[in-house]
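Some notes on the structure that comes next.
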Amino acid sequence: MQKETGRVVSQKKIAEDIFDLRIRTSAAKDARPGQFLMVFTGDESRLLGRPISICEADAKKGELRLVYRQMGAGTRALAALAEGGCVELLGPLGNGFPVKDFQDRRVLLIGGGIGIPPLVGAAWQLSRPAFAVGYRSESYLLEDLERIGEVLAATEDGSLGTRGNVIDALLALEAEPKAGGAGWLTRGLCPEVIFACGPMPMLRAVAAYAKERAIPCFVSLEERMACGVGACLGCVTKTKETDGHSHVKNARVCKEGPVFDSREVAL
Amino acid sequence: MVNLAVDFCGVTLKNPVTTASGTFGSGMEYGEFFDLSRLGAVTTKGVANVPWEGNPTPRVAETPSGMLNAIGLQNPGIDVFLERDLPYLAKYDTKVIVNVCGHAEEEYVEVVEKLADEPADLLEINISCPNVKAGGIAFGTDPKAVEAITRAVKAKARQPVIMKLSPNVTDIKETAKAAEAGGADAISLINTLTGMKIDVERRRFLLANRTGGLSGPAIHPIAVRMVYEASHAVGIPVLGMGGVRTAEDAIELMMAGAAVVAVGTANFHDPLAAAKVVDGIREFCVKHEIRDVRDIIGCV
């Protein structure tokens, strides 16, 4: 692997501050769901890459799709790129979701906001995926999700689905399953495993939800990174046991993660 | 044919480029990107007598042409380092500079003693970490303390000792001279400059540690000035670092007086940064008909 220059195939704004970027890059051929890229902004005064999760990878076309939120100057520069533009990137990095281990299981993919994109790529590799997603207000990627599996949605303002968060939506469904529902989730079956990505309060709630029901749960974590390859120890997360690499109760989000078994990390 | 080899306190480095401690782990991660034998030396992340947890996150924040870090010297401890990290580096045809950290004199000495019969070519003693309260910078800013810790380490060290100095002082010449007086074989500088960043939207410190060490091209002119001052104040060789991104940056530090140069934060921008600096120095020498890279050391 080397740092390389990707070529922008297309970029469009799909919601307020949310951009859908497709890049042609050789990084597409080895990418696994849940991995990420370090994306550099082209401005030498911004040294560090921005860790952005891979939404979907098309190995045949050699294309990666990134859906990201414009947060600051770096992602603003990225958002300004048009078709044909160049973007320096390093990846794919990190471990990704354990899709192979749960291919034929009922996998519930829980996403919050900008945590939703990596679930898309993961779901394509599962035979029985269902989604529970939460937004503040404006939704995005819903059509993509609905193409893959059933979708339970929640919004903070109640403009779509259950008013509240994803856990509220799941509890409401548990209390009142729909016999004629579109899939196993809406019919009231319990998931066999959960994959989740989203803000930390959501991940904590999801981990607790999974623990109460004794469902294995894998969470994708976000942390400020510098190197993205495991050298700087900037992006660690607290672990419950001593980590095999660090020999302290810290694991590198960029290397051992970003996906962790929720029982193994202190969220 | 250009000679890139330099002698650094009795150890011959095939070229004058190493990595800055803390930016390169023990080489394993970057060994996946290029052959570490291309470097004159690899400088490892600081290792203590026992494992250190380091600071809470966030530990890093980007700043204009640089970054702040407050890792807090997380490390697996000397025993794991000797068992796993050092044997990995020993496979490469490069010199190994082991960076040693501690909270107190005995801790430094314990690590140095354990390294006595190990394949470490040089020791770099970190007395200047801005992110560790006891030890670290506490030693590095007081000339008397610098001299005392240098003496204690030198009494036990089997390898040449490089004292890593802090730039967070009024006069770098004083601590440089103190290290020399304590018997140091070389000095390295600069460590990071203490900085702070505030998230104005949330009215909070960006780093959990509040302060962090500033590194990257932003600090390079300070490094050049301090390397110049320190190298003229002492008779021992200088390992220069601070914001080196390109071969030109490295050459600048060498012209200021550094015999060896370390590439640090630039590794995060490009995993090949250090190897590219080696290539760039060679190209510079060819272009300027410099037959021996040693001719540019302190030439300004």
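Naming scheme: A, B, ... for chains in displayed order of the structure tokens; residues 1 onward per chain; ligands 1 onward as shown.
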**Report entry** strand (DSSP E or B) call set, DSSP backbone run, range 23-265 of chain A, as number ranges by chain
**Finding:** A: 23-24, 36-39, 50-53, 56-58, 63-69, 86-93, 106-112, 128-135, 150-155, 162-163, 193-197, 217-220, 236-239, 250-252, 259-261, 265
Hey, which bits of chain B sit within 7 Å of chain A, and for each residue what's the closest pair of atoms and how far apart in Å (one decimal), counting only C-alpha atoms, rows by chain and increasing number, as a tab-separated table?
residue	atom	partner	partner_atom	distance
B:Gly22	CA	A:Cys232	CA	6.2
B:Thr23	CA	A:Cys232	CA	5.4
B:Phe24	CA	A:Ala231	CA	5.4
B:Gly25	CA	A:Ala231	CA	4.7
B:Glu29	CA	A:Ala231	CA	6.0
B:Phe33	CA	A:Met1	CA	6.3
B:Pro51	CA	A:Val248	CA	6.5
B:Trp52	CA	A:Val248	CA	6.9
B:Glu53	CA	A:Val248	CA	5.7
B:Pro58	CA	A:Arg224	CA	6.2
B:Arg59	CA	A:Gly234	CA	5.3
B:Val60	CA	A:Gly234	CA	5.8
B:Glu62	CA	A:Leu48	CA	6.9
B:Pro64	CA	A:Ser45	CA	5.6
B:Ser65	CA	A:Ser45	CA	4.1
B:Gly66	CA	A:Leu47	CA	6.5
B:Ile71	CA	A:Gly234	CA	6.1
B:Asn75	CA	A:Ser246	CA	6.7
B:Pro76	CA	A:His247	CA	5.1
B:Phe268	CA	A:Cys227	CA	4.4
B:His269	CA	A:Leu47	CA	5.4
B:Asp270	CA	A:Lys3	CA	6.8
Which residues come within 10 Å of range 220-226 of chain B, counting only C-alpha atoms, excluding same-chain residues fewer than 2 positions away, as a PDB file with N, CA and C atoms, in the first residue's frame?
ATOM      1  N   GLY B  66       0.991  22.095  11.011  1.00  0.00           N
ATOM      2  CA  GLY B  66       1.507  21.324  12.138  1.00  0.00           C
ATOM      3  C   GLY B  66       0.404  20.576  12.863  1.00  0.00           C
ATOM      4  N   PRO B 167      12.750  22.563  23.633  1.00  0.00           N
ATOM      5  CA  PRO B 167      12.844  23.938  23.138  1.00  0.00           C
ATOM      6  C   PRO B 167      12.094  24.921  24.040  1.00  0.00           C
ATOM      7  N   ASP B 171      17.015  29.758  27.011  1.00  0.00           N
ATOM      8  CA  ASP B 171      18.297  29.688  26.328  1.00  0.00           C
ATOM      9  C   ASP B 171      18.714  28.226  26.117  1.00  0.00           C
ATOM     10  N   ILE B 172      18.609  27.770  24.904  1.00  0.00           N
ATOM     11  CA  ILE B 172      18.914  26.367  24.585  1.00  0.00           C
ATOM     12  C   ILE B 172      20.390  26.058  24.827  1.00  0.00           C
ATOM     13  N   LYS B 173      21.228  27.061  24.749  1.00  0.00           N
ATOM     14  CA  LYS B 173      22.677  26.841  24.930  1.00  0.00           C
ATOM     15  C   LYS B 173      22.974  26.313  26.338  1.00  0.00           C
ATOM     16  N   LEU B 189      17.663  17.797  19.245  1.00  0.00           N
ATOM     17  CA  LEU B 189      16.680  18.846  19.423  1.00  0.00           C
ATOM     18  C   LEU B 189      16.123  19.242  18.058  1.00  0.00           C
ATOM     19  N   ILE B 190      14.866  19.721  18.037  1.00  0.00           N
ATOM     20  CA  ILE B 190      14.089  20.104  19.201  1.00  0.00           C
ATOM     21  C   ILE B 190      12.930  19.128  19.417  1.00  0.00           C
ATOM     22  N   ASN B 191      12.582  18.944  20.671  1.00  0.00           N
ATOM     23  CA  ASN B 191      11.334  18.255  20.975  1.00  0.00           C
ATOM     24  C   ASN B 191      10.211  19.244  20.627  1.00  0.00           C
ATOM     25  N   THR B 192       8.973  18.910  20.936  1.00  0.00           N
ATOM     26  CA  THR B 192       7.860  19.776  20.557  1.00  0.00           C
ATOM     27  C   THR B 192       7.760  21.007  21.460  1.00  0.00           C
ATOM     28  N   LEU B 193       7.108  22.025  20.929  1.00  0.00           N
ATOM     29  CA  LEU B 193       6.867  23.252  21.695  1.00  0.00           C
ATOM     30  C   LEU B 193       5.480  23.159  22.319  1.00  0.00           C
ATOM     31  N   SER B 215       4.266  20.281  16.660  1.00  0.00           N
ATOM     32  CA  SER B 215       5.283  19.760  15.743  1.00  0.00           C
ATOM     33  C   SER B 215       4.861  20.084  14.324  1.00  0.00           C
ATOM     34  N   GLY B 216       5.711  19.719  13.371  1.00  0.00           N
ATOM     35  CA  GLY B 216       5.385  19.955  11.965  1.00  0.00           C
ATOM     36  C   GLY B 216       6.111  21.165  11.410  1.00  0.00           C
ATOM     37  N   PRO B 217       5.953  21.411  10.091  1.00  0.00           N
ATOM     38  CA  PRO B 217       6.669  22.503   9.430  1.00  0.00           C
ATOM     39  C   PRO B 217       6.562  23.848  10.146  1.00  0.00           C
ATOM     40  N   ALA B 218       5.481  24.062  10.889  1.00  0.00           N
ATOM     41  CA  ALA B 218       5.319  25.331  11.614  1.00  0.00           C
ATOM     42  C   ALA B 218       6.493  25.625  12.545  1.00  0.00           C
ATOM     43  N   TYR B 228      21.315  25.647  15.366  1.00  0.00           N
ATOM     44  CA  TYR B 228      22.456  26.537  15.113  1.00  0.00           C
ATOM     45  C   TYR B 228      23.082  26.985  16.435  1.00  0.00           C
ATOM     46  N   GLU B 229      22.228  27.470  17.342  1.00  0.00           N
ATOM     47  CA  GLU B 229      22.739  27.967  18.626  1.00  0.00           C
ATOM     48  C   GLU B 229      23.401  26.859  19.447  1.00  0.00           C
ATOM     49  N   ALA B 230      22.707  25.714  19.524  1.00  0.00           N
ATOM     50  CA  ALA B 230      23.218  24.621  20.360  1.00  0.00           C
ATOM     51  C   ALA B 230      24.512  24.053  19.787  1.00  0.00           C
ATOM     52  N   SER B 231      24.559  23.885  18.469  1.00  0.00           N
ATOM     53  CA  SER B 231      25.748  23.260  17.889  1.00  0.00           C
ATOM     54  C   SER B 231      26.976  24.154  18.028  1.00  0.00           C
ATOM     55  N   HIS B 232      26.741  25.446  18.151  1.00  0.00           N
ATOM     56  CA  HIS B 232      27.872  26.344  18.352  1.00  0.00           C
ATOM     57  C   HIS B 232      28.269  26.460  19.822  1.00  0.00           C
ATOM     58  N   GLY B 240      19.497  16.862  14.654  1.00  0.00           N
ATOM     59  CA  GLY B 240      18.527  17.947  14.500  1.00  0.00           C
ATOM     60  C   GLY B 240      17.173  17.455  14.047  1.00  0.00           C
ATOM     61  N   MET B 241      16.127  18.053  14.565  1.00  0.00           N
ATOM     62  CA  MET B 241      14.770  17.717  14.133  1.00  0.00           C
ATOM     63  C   MET B 241      13.834  18.865  14.464  1.00  0.00           C
ATOM     64  N   GLY B 242      12.676  18.807  13.841  1.00  0.00           N
ATOM     65  CA  GLY B 242      11.667  19.845  14.051  1.00  0.00           C
ATOM     66  C   GLY B 242      11.135  20.291  12.710  1.00  0.00           C
ATOM     67  N   GLY B 243       9.999  19.737  12.327  1.00  0.00           N
ATOM     68  CA  GLY B 243       9.315  20.194  11.113  1.00  0.00           C
ATOM     69  C   GLY B 243       9.956  19.825   9.797  1.00  0.00           C
ATOM     70  N   VAL B 244      10.809  18.806   9.794  1.00  0.00           N
ATOM     71  CA  VAL B 244      11.418  18.406   8.518  1.00  0.00           C
ATOM     72  C   VAL B 244      10.401  17.659   7.663  1.00  0.00           C
ATOM     73  N   ARG B 245      10.140  18.203   6.488  1.00  0.00           N
ATOM     74  CA  ARG B 245       9.187  17.571   5.576  1.00  0.00           C
ATOM     75  C   ARG B 245       9.891  17.166   4.277  1.00  0.00           C
ATOM     76  N   ASP B 249      14.522  20.902   3.889  1.00  0.00           N
ATOM     77  CA  ASP B 249      14.387  21.178   5.327  1.00  0.00           C
ATOM     78  C   ASP B 249      15.504  20.483   6.105  1.00  0.00           C
ATOM     79  N   ALA B 250      15.799  19.250   5.731  1.00  0.00           N
ATOM     80  CA  ALA B 250      16.841  18.478   6.412  1.00  0.00           C
ATOM     81  C   ALA B 250      18.202  19.123   6.181  1.00  0.00           C
ATOM     82  N   GLU B 252      18.809  22.180   5.532  1.00  0.00           N
ATOM     83  CA  GLU B 252      18.869  23.420   6.312  1.00  0.00           C
ATOM     84  C   GLU B 252      19.362  23.139   7.736  1.00  0.00           C
ATOM     85  N   LEU B 253      18.810  22.103   8.349  1.00  0.00           N
ATOM     86  CA  LEU B 253      19.236  21.757   9.712  1.00  0.00           C
ATOM     87  C   LEU B 253      20.690  21.315   9.732  1.00  0.00           C
ATOM     88  N   MET B 254      21.115  20.608   8.693  1.00  0.00           N
ATOM     89  CA  MET B 254      22.518  20.172   8.634  1.00  0.00           C
ATOM     90  C   MET B 254      23.443  21.378   8.471  1.00  0.00           C
ATOM     91  N   MET B 255      23.046  22.299   7.617  1.00  0.00           N
ATOM     92  CA  MET B 255      23.861  23.499   7.435  1.00  0.00           C
ATOM     93  C   MET B 255      23.920  24.320   8.729  1.00  0.00           C
ATOM     94  N   ALA B 256      22.849  24.218   9.514  1.00  0.00           N
ATOM     95  CA  ALA B 256      22.828  24.926  10.796  1.00  0.00           C
ATOM     96  C   ALA B 256      23.717  24.240  11.824  1.00  0.00           C
ATOM     97  N   GLY B 257      24.057  22.970  11.565  1.00  0.00           N
ATOM     98  CA  GLY B 257      24.968  22.302  12.492  1.00  0.00           C
ATOM     99  C   GLY B 257      24.619  20.866  12.863  1.00  0.00           C
ATOM    100  N   ALA B 258      23.517  20.346  12.337  1.00  0.00           N
ATOM    101  CA  ALA B 258      23.131  18.970  12.691  1.00  0.00           C
ATOM    102  C   ALA B 258      23.914  17.963  11.860  1.00  0.00           C
TER     103      ALA B 258
END
Item checked: Counting only C-alpha atoms, the option among B:Ala176, B:Ile97, B:Ile219, B:Ile296 closest to Ile281 in chain B ->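 For Ile281 in chain B, the nearest of the given residues is B:Ile296.
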DSSP on the backbone, helix (DSSP H, G or I) only: what residues of range 85-122 of chain B does that give? Format it as a count of residues only.
16
